[in-house]
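Heads up, model_19.txt below (compact mmCIF, C-alpha atoms):
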```txt
# COMPACT_ATOMS: atom_id res chain seq x y z
CA MET A 1 22.00 -15.27 -16.41
CA ASN A 2 22.80 -11.56 -16.25
CA LEU A 3 19.17 -10.72 -15.56
CA ILE A 4 16.55 -12.54 -13.52
CA LEU A 5 13.63 -12.28 -15.92
CA LEU A 6 10.29 -12.38 -14.16
CA ASP A 7 7.00 -13.38 -15.70
CA PRO A 8 4.27 -10.89 -14.68
CA SER A 9 2.45 -13.78 -12.98
CA GLU A 10 5.40 -14.13 -10.59
CA VAL A 11 5.10 -10.53 -9.40
CA ASP A 12 2.74 -9.53 -6.59
CA ALA A 13 2.78 -5.91 -5.43
CA HIS A 14 6.38 -5.32 -4.30
CA HIS A 15 7.52 -8.94 -4.30
CA ALA A 16 8.46 -11.63 -6.80
CA ARG A 17 8.41 -15.38 -6.24
CA ILE A 18 10.40 -17.87 -8.35
CA THR A 19 9.75 -21.61 -8.17
CA ASP A 20 11.17 -23.13 -11.38
CA ALA A 21 14.19 -25.40 -11.12
CA ARG A 22 16.35 -23.74 -13.80
CA ARG A 23 16.52 -20.30 -12.22
CA LEU A 24 16.73 -21.66 -8.69
CA THR A 25 19.68 -23.82 -9.67
CA HIS A 26 21.36 -20.79 -11.25
CA LEU A 27 20.82 -18.71 -8.12
CA HIS A 28 22.34 -21.47 -5.97
CA ASP A 29 25.21 -22.67 -8.16
CA VAL A 30 26.22 -19.64 -10.22
CA HIS A 31 25.23 -16.57 -8.25
CA ARG A 32 25.74 -18.38 -4.94
CA ALA A 33 23.04 -16.01 -3.74
CA GLN A 34 22.38 -15.41 -0.07
CA GLN A 35 19.71 -13.62 1.89
CA GLY A 36 20.08 -9.87 1.49
CA ASP A 37 21.86 -9.98 -1.88
CA ARG A 38 20.71 -7.38 -4.42
CA LEU A 39 20.33 -8.78 -7.92
CA THR A 40 19.25 -7.35 -11.26
CA VAL A 41 15.71 -8.28 -12.22
CA GLY A 42 13.29 -7.33 -14.96
CA ILE A 43 9.65 -7.99 -15.75
CA GLN A 44 8.86 -9.43 -19.15
CA GLY A 45 7.65 -6.57 -21.30
CA GLY A 46 8.53 -4.00 -18.65
CA ALA A 47 11.29 -2.27 -16.75
CA MET A 48 14.39 -3.49 -14.95
CA GLY A 49 16.02 -2.70 -11.64
CA LYS A 50 17.23 -4.24 -8.41
CA ALA A 51 15.62 -6.69 -6.02
CA SER A 52 16.73 -7.91 -2.60
CA LEU A 53 16.69 -11.63 -1.92
CA ILE A 54 14.50 -12.33 1.12
CA THR A 55 14.62 -16.13 1.16
CA LEU A 56 16.16 -18.84 -1.00
CA SER A 57 15.50 -22.56 -0.68
CA GLN A 58 15.58 -25.56 -3.01
CA HIS A 59 11.97 -24.88 -3.92
CA GLU A 60 11.51 -21.11 -3.91
CA ALA A 61 13.18 -17.72 -4.09
CA LEU A 62 11.41 -14.65 -2.74
CA PHE A 63 12.54 -11.15 -3.72
CA ALA A 64 11.61 -7.68 -2.51
CA LEU A 65 11.41 -5.48 -5.58
CA GLU A 66 12.96 -2.05 -5.45
CA ASP A 67 12.20 0.80 -7.84
CA LEU A 68 12.18 -0.80 -11.30
CA CYS A 69 12.74 2.19 -13.53
CA GLU A 70 15.46 1.13 -15.98
CA SER A 71 14.36 0.71 -19.58
CA PRO A 72 15.54 -2.28 -21.64
CA PRO A 73 18.22 -1.61 -24.27
CA PRO A 74 17.05 -0.35 -27.67
CA ALA A 75 16.03 -2.92 -30.26
CA LEU A 76 17.78 -3.30 -33.59
CA PRO A 77 15.80 -1.77 -36.49
CA VAL A 78 15.58 -5.10 -38.27
CA HIS A 79 13.09 -7.81 -39.18
CA LEU A 80 15.05 -11.04 -39.62
CA VAL A 81 13.75 -13.57 -42.15
CA LEU A 82 15.66 -16.77 -41.57
CA ALA A 83 15.36 -19.95 -43.63
CA LEU A 84 14.58 -22.58 -40.99
CA PRO A 85 17.90 -24.07 -39.80
CA ARG A 86 18.41 -27.55 -38.42
CA PRO A 87 16.83 -27.80 -34.93
CA ARG A 88 20.03 -27.64 -32.88
CA MET A 89 21.25 -24.64 -34.83
CA LEU A 90 17.82 -22.99 -34.54
CA ALA A 91 17.99 -23.06 -30.76
CA ARG A 92 21.40 -21.36 -30.65
CA THR A 93 20.48 -18.86 -33.36
CA LEU A 94 17.31 -17.75 -31.58
CA GLU A 95 19.28 -17.14 -28.40
CA HIS A 96 22.01 -15.22 -30.23
CA VAL A 97 19.75 -12.92 -32.25
CA THR A 98 17.57 -12.23 -29.22
CA ALA A 99 20.64 -11.24 -27.22
CA LEU A 100 21.65 -8.90 -30.05
CA GLY A 101 18.29 -7.09 -29.99
CA VAL A 102 16.25 -8.55 -32.86
CA LYS A 103 12.53 -8.21 -32.11
CA GLU A 104 10.89 -9.52 -35.30
CA ILE A 105 11.81 -12.97 -36.61
CA THR A 106 10.23 -14.95 -39.45
CA LEU A 107 11.26 -18.58 -39.90
CA LEU A 108 10.82 -19.44 -43.56
CA HIS A 109 10.69 -22.58 -45.67
CA THR A 110 12.93 -22.56 -48.72
CA LYS A 111 13.95 -25.20 -51.24
CA ARG A 112 17.00 -26.38 -49.29
CA VAL A 113 15.23 -26.56 -45.93
CA GLU A 114 14.55 -30.18 -44.93
CA LYS A 115 10.80 -30.66 -44.53
CA SER A 116 11.44 -32.76 -41.44
CA TYR A 117 12.75 -29.66 -39.62
CA TRP A 118 9.18 -28.37 -39.37
CA GLN A 119 8.28 -31.37 -37.22
CA SER A 120 10.96 -30.62 -34.65
CA PRO A 121 9.95 -30.11 -31.00
CA GLU A 122 12.15 -26.99 -31.10
CA LEU A 123 9.32 -25.27 -32.99
CA ARG A 124 6.84 -25.75 -30.17
CA ALA A 125 5.77 -22.41 -28.73
CA ASP A 126 7.14 -23.29 -25.29
CA LYS A 127 10.55 -24.29 -26.68
CA ILE A 128 10.83 -21.11 -28.76
CA HIS A 129 9.85 -19.07 -25.71
CA GLN A 130 12.54 -20.82 -23.67
CA HIS A 131 15.28 -19.88 -26.13
CA LEU A 132 14.07 -16.29 -26.38
CA VAL A 133 14.13 -15.98 -22.59
CA LEU A 134 17.70 -17.29 -22.46
CA GLY A 135 18.70 -14.63 -24.97
CA LEU A 136 17.01 -11.89 -22.95
CA GLU A 137 18.65 -13.04 -19.72
CA GLN A 138 22.06 -12.97 -21.39
CA ALA A 139 21.65 -9.43 -22.75
CA ARG A 140 19.68 -7.87 -19.86
CA ASP A 141 16.58 -7.24 -21.92
CA THR A 142 12.90 -7.74 -21.12
CA LEU A 143 11.13 -7.41 -24.48
CA LEU A 144 10.42 -10.75 -26.13
CA PRO A 145 10.81 -10.99 -29.91
CA ASN A 146 7.85 -11.90 -32.06
CA VAL A 147 8.46 -15.15 -33.98
CA THR A 148 6.37 -16.08 -37.03
CA LEU A 149 6.48 -19.38 -38.93
CA CYS A 150 6.04 -19.36 -42.71
CA LYS A 151 6.06 -22.79 -44.34
CA GLY A 152 5.76 -21.62 -47.95
CA PHE A 153 8.29 -19.49 -49.85
CA LYS A 154 5.81 -18.48 -52.55
CA ALA A 155 3.20 -17.55 -49.94
CA PHE A 156 5.78 -15.36 -48.23
CA LEU A 157 6.88 -13.85 -51.53
CA GLU A 158 3.35 -12.90 -52.56
CA GLY A 159 1.62 -12.35 -49.23
CA GLN A 160 4.12 -10.91 -46.74
CA LEU A 161 7.16 -9.57 -48.57
CA PRO A 162 5.48 -6.59 -50.32
CA GLN A 163 4.22 -5.19 -47.01
CA LEU A 164 7.54 -5.78 -45.27
CA LEU A 165 9.43 -4.00 -48.04
CA SER A 166 7.04 -1.07 -48.04
CA GLU A 167 8.47 -0.04 -44.67
CA ARG A 168 12.02 -1.42 -44.78
CA ARG A 169 15.14 -1.74 -46.87
CA GLY A 170 15.42 -5.34 -48.03
CA LEU A 171 18.83 -7.04 -47.89
CA VAL A 172 19.45 -10.60 -49.07
CA ALA A 173 22.61 -12.21 -47.71
CA HIS A 174 23.92 -14.69 -50.28
CA PRO A 175 27.41 -15.77 -51.39
CA GLY A 176 28.50 -14.38 -54.73
CA MET A 177 26.46 -11.19 -54.65
CA GLU A 178 28.16 -8.15 -56.19
CA ASN A 179 27.99 -5.82 -53.19
CA ALA A 180 29.48 -6.31 -49.75
CA CYS A 181 27.37 -6.09 -46.61
CA PRO A 182 26.84 -2.42 -45.73
CA ARG A 183 27.84 -1.00 -42.35
CA ASP A 184 26.22 1.32 -39.79
CA VAL A 185 22.72 1.03 -41.22
CA ASP A 186 20.26 3.17 -39.27
CA GLU A 187 17.08 2.66 -41.29
CA PRO A 188 14.43 -0.05 -40.83
CA THR A 189 15.79 -3.16 -42.50
CA LEU A 190 14.51 -6.52 -43.69
CA LEU A 191 17.37 -9.03 -43.54
CA LEU A 192 16.91 -12.33 -45.38
CA VAL A 193 19.31 -15.21 -44.67
CA GLY A 194 19.15 -18.56 -46.45
CA PRO A 195 19.70 -22.08 -45.14
CA GLU A 196 22.88 -24.15 -45.20
CA GLY A 197 23.68 -24.29 -48.90
CA GLY A 198 22.03 -20.92 -49.43
CA PHE A 199 18.96 -19.88 -51.38
CA ILE A 200 18.56 -21.50 -54.79
CA PRO A 201 19.10 -19.13 -57.76
CA TRP A 202 15.36 -18.82 -58.45
CA GLU A 203 14.70 -17.70 -54.86
CA VAL A 204 17.43 -15.08 -55.04
CA GLU A 205 16.06 -13.86 -58.37
CA GLN A 206 12.54 -13.53 -56.97
CA LEU A 207 13.75 -11.63 -53.90
CA ILE A 208 15.80 -9.23 -56.00
CA GLN A 209 12.90 -8.67 -58.40
CA ALA A 210 10.68 -7.90 -55.40
CA GLY A 211 12.97 -5.04 -54.42
CA CYS A 212 15.64 -6.56 -52.19
CA GLU A 213 19.36 -5.86 -52.55
CA GLY A 214 21.85 -8.71 -52.74
CA MET A 215 24.98 -8.62 -50.56
CA HIS A 216 27.76 -10.89 -49.32
CA LEU A 217 29.99 -11.26 -46.26
CA GLY A 218 33.16 -12.08 -48.17
CA PRO A 219 34.68 -15.23 -49.65
CA ARG A 220 34.18 -17.47 -46.60
CA ILE A 221 31.15 -19.74 -46.34
CA LEU A 222 29.83 -19.55 -42.78
CA ARG A 223 27.42 -21.60 -40.74
CA VAL A 224 24.02 -19.96 -40.44
CA GLU A 225 24.36 -19.07 -36.76
CA THR A 226 27.78 -17.50 -37.42
CA ALA A 227 26.61 -15.68 -40.54
CA VAL A 228 23.57 -14.18 -38.83
CA THR A 229 25.62 -12.91 -35.89
CA ALA A 230 28.26 -11.45 -38.25
CA LEU A 231 25.62 -9.80 -40.43
CA LEU A 232 23.84 -8.13 -37.52
CA SER A 233 27.12 -6.96 -36.00
CA ARG A 234 28.29 -5.44 -39.27
CA LEU A 235 24.97 -3.92 -40.27
CA PHE A 236 24.14 -2.25 -36.97
```
Represent the structure of the file as C-alpha cells.
Amino acid sequence: MNLILLDPSEVDAHHARITDARRLTHLHDVHRAQQGDRLTVGIQGGAMGKASLITLSQHEALFALEDLCESPPPALPVHLVLALPRPRMLARTLEHVTALGVKEITLLHTKRVEKSYWQSPELRADKIHQHLVLGLEQARDTLLPNVTLCKGFKAFLEGQLPQLLSERRGLVAHPGMENACPRDVDEPTLLLVGPEGGFIPWEVEQLIQAGCEGMHLGPRILRVETAVTALLSRLF
C-alpha cells in the first residue's frame, strides 16, 4: 500500500479517520506506523499529500491532514475492452490495469467466454471496487476507473463500438495478425483483448470491418493478464 486512499466520507475538515480492518492491519504490520509518522494519503477523486498519524489502535487510525496539493499521475489515453476472464484472473487483471493508469474498462462477453463467469461474485460492484482500490494504492493514484459490463458481443458491436471508434484508434490484439503491436502511441486508443483462446475468426472479422486494426505481440501465446500488461506497456 504505497498510498493510503481515503474515501471522502472518512475525511472531516483537516482530519481523516480509518476504521476498516484491511488498512489498519497494513498500518500495523507493514508500515509499523507510530504516532507522529507522516504518511502519503489521497482522497478518492481528489489530490494527494502527507498526513501525520495522531493515534493508531486496533480499531481506528486518526490522521491530521496536511496540504493535499499533489495531483494524481496522468491516465493512459486508452479505453480497454477486455473479454471477461476467469474470475481469479479478472481480479488480478483489474488491479494491474488500474495500477498502470487505465480509466475506462469494458468487460465483454465473447464466444469463448464461459457463461458461468458472469455469475461470479467477483463481478459484484463492491468486489470490483475493492480491486480497483488495490490498484490505486499500489500506483499512488486517486482516480477510480469506470467499469462497464457488456454481456452481448453483437450488442457491443452495433451499439457501443461505433461511438468508441469515432473518438479513438481501434486496436485488436489477436495472435496471427499481420502487424506487430505499435509503440509510443499518444492518441486516444480503444484496445480490444480477447479471452483465453482468443476471439473467434468471425469476431475478429467484425471488429476489423468496423474499423479496428489487427495486431500481435509476437509468436508467444500469453495469459490474458500477462498480455494486457505487455500490451499497455508497449503501446504507451
Would you give the centre and edge lengths, in Å to one decimal, of a box along x, y and z around the listed atoms of range 79-95 of chain A, with 8 Å added to each side, as lines of an AutoDock Vina configuration file?
```
center_x = 17.2
center_y = -17.8
center_z = -36.0
size_x = 24.3
size_y = 36.0
size_z = 31.2
```
Original post:
Interatomic distance between CA of Gly42 in chain A and CA of Pro77 in chain A?
Top reply: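 Going from CA of Gly42 in chain A over to CA of Pro77 in chain A covers 22.4 Å.
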**OP:** Please provide the set of residues having any atom within 6 Å of range 2-10 of chain A, restricted to all atoms listed in the file, with same-chain residues fewer than 2 positions apart removed, written as a PyMOL selection string.
**Re:** chain A and resi 16-17+40-44+137-138+140
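Here the question is which of A:Pro182, A:Pro175, A:Pro74, A:Pro121 gets nearest to Ala227 in chain A using only C-alpha atoms, and that residue is A:Pro175.
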Original post:
Which one of A:Pro73, A:Gly218, A:Gly135, A:Gly36 sits closest to Ala230 in chain A if you count all atoms listed in the file?
Top reply: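 The closest residue to Ala230 in chain A is A:Gly218.
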**OP:** Tell me which of A:Asp126, A:Asp186, A:Glu213, A:Glu196 sits closest to Leu232 in chain A, counting only C-alpha atoms.
**Re:**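 Ranking A:Asp126, A:Asp186, A:Glu213, A:Glu196 by distance to Leu232 in chain A, first place goes to A:Asp186.
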Subject >> Of the listed residues A:Val113, A:Ile105, A:His14, A:Leu27, that which approaches Leu65 in chain A most closely, counting all atoms listed in the file >> reply: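 So, comparing all the options, the nearest one is A:His14.
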Subject >> Shell of 9 Å around Thr229 in chain A, only C-alpha atoms, local chain residues under 6 positions omitted, as a list in words >> reply: Thr93, His96, Val97 and Leu100 of chain A
Subject >> Pairwise distance for CA of Val193 in chain A and CA of Leu171 in chain A, rounded to one decimal in Å >> reply: 8.8 Å
